[in-house]
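Visitor: Quick one: the structure is below, and I'll ask about it shortly.
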Amino acid sequence: RDRSPSRGLGDVYKRQSMYFVDRNLTITGVHSGDTNVRVYDLLGKEVHNTSFQGTGFNKITLPSLTTGVYVVQLETQMEAISKKIIIKK
């Protein structure tokens with residue numbers, strides 16, 4: 001009997017990361033499939049919307065955004081996750 005721990009979908013998505021440097025949002029851990037990315041300001045207004053095919057390492061150039069906190073929503077065919085990013089100028 002196999003006693004290794006099972007890997008659920010949550011384990012796969014914990015390996016994804018997003019970080020922002022010089023107008024580029026880098027997303028790692030999405031290895032395949034259609035992925036949508038939406039960026040919202042703290043008032044809930046969508047300020048950017050794009051999509052890509054996951055390759056494991058994807059870079060998205062964001063428009064010039066003002067200093068502040070934004071929420072990035074990453075939506076794959078399996079799940080949606082959100083993360084806050086802080087833009088400083």
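For the structure tokens, the naming scheme is as follows: chains receive sequential letters (A, B, ...) according to their order of presentation, residues are indexed from 1 within each chain, and ligands are indexed from 1 in presentation order.
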If you run DSSP on this backbone, which residues of chain A come out as alpha helix (DSSP H), and could you give them as a PyMOL selection string?
Guide: chain A and resi 9-13
Visitor: Would you save the residues of that selection, restricted to N, CA, C and O atoms, as a CSV table (one decimal), in the first residue's frame?
Guide:
```
chain,number,residue,atom,x,y,z
A,9,LEU,N,-5.2,19.5,-5.4
A,9,LEU,CA,-5.0,20.7,-6.3
A,9,LEU,C,-4.5,21.9,-5.5
A,9,LEU,O,-3.7,22.6,-6.0
A,10,GLY,N,-4.8,22.0,-4.2
A,10,GLY,CA,-4.3,23.1,-3.4
A,10,GLY,C,-2.8,23.0,-3.4
A,10,GLY,O,-2.1,24.1,-3.4
A,11,ASP,N,-2.2,21.8,-3.3
A,11,ASP,CA,-0.7,21.7,-3.3
A,11,ASP,C,-0.1,22.2,-4.6
A,11,ASP,O,1.0,22.8,-4.5
A,12,VAL,N,-0.7,22.0,-5.7
A,12,VAL,CA,-0.2,22.5,-7.0
A,12,VAL,C,-0.2,24.0,-7.0
A,12,VAL,O,0.8,24.6,-7.4
A,13,TYR,N,-1.3,24.6,-6.6
A,13,TYR,CA,-1.4,26.0,-6.7
A,13,TYR,C,-0.5,26.8,-5.6
A,13,TYR,O,-0.2,27.9,-5.8
```
Visitor: Find the spatial neighbours of A:Thr55, counting only C-alpha atoms, within a cut-off of 9 Å - ignore same-chain residues fewer than 5 positions away - and output them as a PyMOL selection string.
Guide: chain A and resi 28-33
Visitor: Write the residues you've just listed into a file as a PDB file, in the first residue's frame, and include N, CA and C atoms for each of them.
Guide:
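File produced: again_11.pdb:
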```
ATOM      1  N   THR A  28       5.110  32.622 -11.968  1.00  0.00           N
ATOM      2  CA  THR A  28       5.751  31.319 -12.110  1.00  0.00           C
ATOM      3  C   THR A  28       4.822  30.239 -11.567  1.00  0.00           C
ATOM      4  N   GLY A  29       4.970  29.042 -12.096  1.00  0.00           N
ATOM      5  CA  GLY A  29       4.211  27.907 -11.588  1.00  0.00           C
ATOM      6  C   GLY A  29       2.975  27.535 -12.382  1.00  0.00           C
ATOM      7  N   VAL A  30       2.614  28.327 -13.393  1.00  0.00           N
ATOM      8  CA  VAL A  30       1.491  27.963 -14.272  1.00  0.00           C
ATOM      9  C   VAL A  30       2.126  27.304 -15.494  1.00  0.00           C
ATOM     10  N   HIS A  31       2.059  25.986 -15.554  1.00  0.00           N
ATOM     11  CA  HIS A  31       2.820  25.257 -16.565  1.00  0.00           C
ATOM     12  C   HIS A  31       2.075  24.990 -17.867  1.00  0.00           C
ATOM     13  N   SER A  32       0.755  25.108 -17.871  1.00  0.00           N
ATOM     14  CA  SER A  32       0.019  24.877 -19.119  1.00  0.00           C
ATOM     15  C   SER A  32      -1.379  25.457 -18.999  1.00  0.00           C
ATOM     16  N   GLY A  33      -2.035  25.555 -20.129  1.00  0.00           N
ATOM     17  CA  GLY A  33      -3.424  25.994 -20.161  1.00  0.00           C
ATOM     18  C   GLY A  33      -3.591  27.490 -20.280  1.00  0.00           C
TER      19      GLY A  33
END
```
Visitor: Report the residues of chain A whose backbone DSSP state falls under strand (DSSP E or B), written as an MDAnalysis selection string.
Guide: chainID A and resid 17:21 24:28 34:41 46:53 57:61 68:75 80:87
Visitor: For C-alpha atoms, I'd like the residues from the last selection saved as a compact mmCIF listing (two decimals), in the first residue's frame.
Guide:
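Once everything was written out, this is out00.txt:
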```txt
# COMPACT_ATOMS: atom_id res chain seq x y z
CA SER A 17 4.13 32.90 -7.30
CA MET A 18 3.66 36.41 -8.59
CA TYR A 19 5.99 39.34 -8.18
CA PHE A 20 6.21 42.84 -9.64
CA VAL A 21 9.42 44.59 -10.78
CA ASN A 24 6.58 43.63 -15.19
CA LEU A 25 4.41 41.13 -13.38
CA THR A 26 6.20 37.78 -13.34
CA ILE A 27 4.11 34.66 -12.76
CA THR A 28 5.75 31.32 -12.11
CA ASP A 34 -5.19 29.27 -20.71
CA THR A 35 -4.68 31.75 -17.89
CA ASN A 36 -6.42 35.08 -17.36
CA VAL A 37 -4.88 37.88 -15.32
CA ARG A 38 -6.86 40.84 -14.04
CA VAL A 39 -5.50 43.72 -11.98
CA TYR A 40 -7.80 45.78 -9.76
CA ASP A 41 -7.24 48.90 -7.71
CA GLU A 46 -10.25 46.77 -13.24
CA VAL A 47 -7.10 48.51 -14.48
CA HIS A 48 -5.63 45.70 -16.61
CA ASN A 49 -6.86 42.48 -18.20
CA THR A 50 -4.82 40.00 -20.23
CA SER A 51 -4.39 36.28 -20.86
CA PHE A 52 -1.56 33.89 -21.68
CA GLN A 53 -0.68 30.23 -22.22
CA PHE A 57 7.48 31.36 -16.35
CA ASN A 58 5.34 34.16 -17.78
CA LYS A 59 6.06 37.89 -17.75
CA ILE A 60 3.36 40.50 -18.30
CA THR A 61 4.08 44.20 -18.82
CA GLY A 68 -0.58 52.13 -4.49
CA VAL A 69 -1.86 48.69 -3.64
CA TYR A 70 -3.47 46.52 -6.31
CA VAL A 71 -5.04 43.07 -6.36
CA VAL A 72 -3.95 40.63 -9.06
CA GLN A 73 -6.42 37.86 -9.85
CA LEU A 74 -4.96 34.84 -11.63
CA GLU A 75 -7.55 32.51 -13.13
CA ALA A 80 -8.60 31.42 -9.25
CA ILE A 81 -6.16 32.97 -6.81
CA SER A 82 -5.58 36.56 -5.78
CA LYS A 83 -2.54 38.41 -4.48
CA LYS A 84 -1.89 41.99 -3.45
CA ILE A 85 0.98 43.86 -5.06
CA ILE A 86 2.40 47.21 -4.02
CA ILE A 87 3.60 49.65 -6.64
```
Visitor: Please report the interatomic distance between atom CA of A:Lys88 and atom CA of A:Gly54 in Å with one decimal.
Guide: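 Taking atom CA of A:Lys88 and atom CA of A:Gly54, their separation equals 27.5 Å.
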Visitor: Work out how far atom CA of A:Thr76 is from atom CA of A:Arg23, in Å to one decimal.
Guide: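 So the answer is 22.3 Å.
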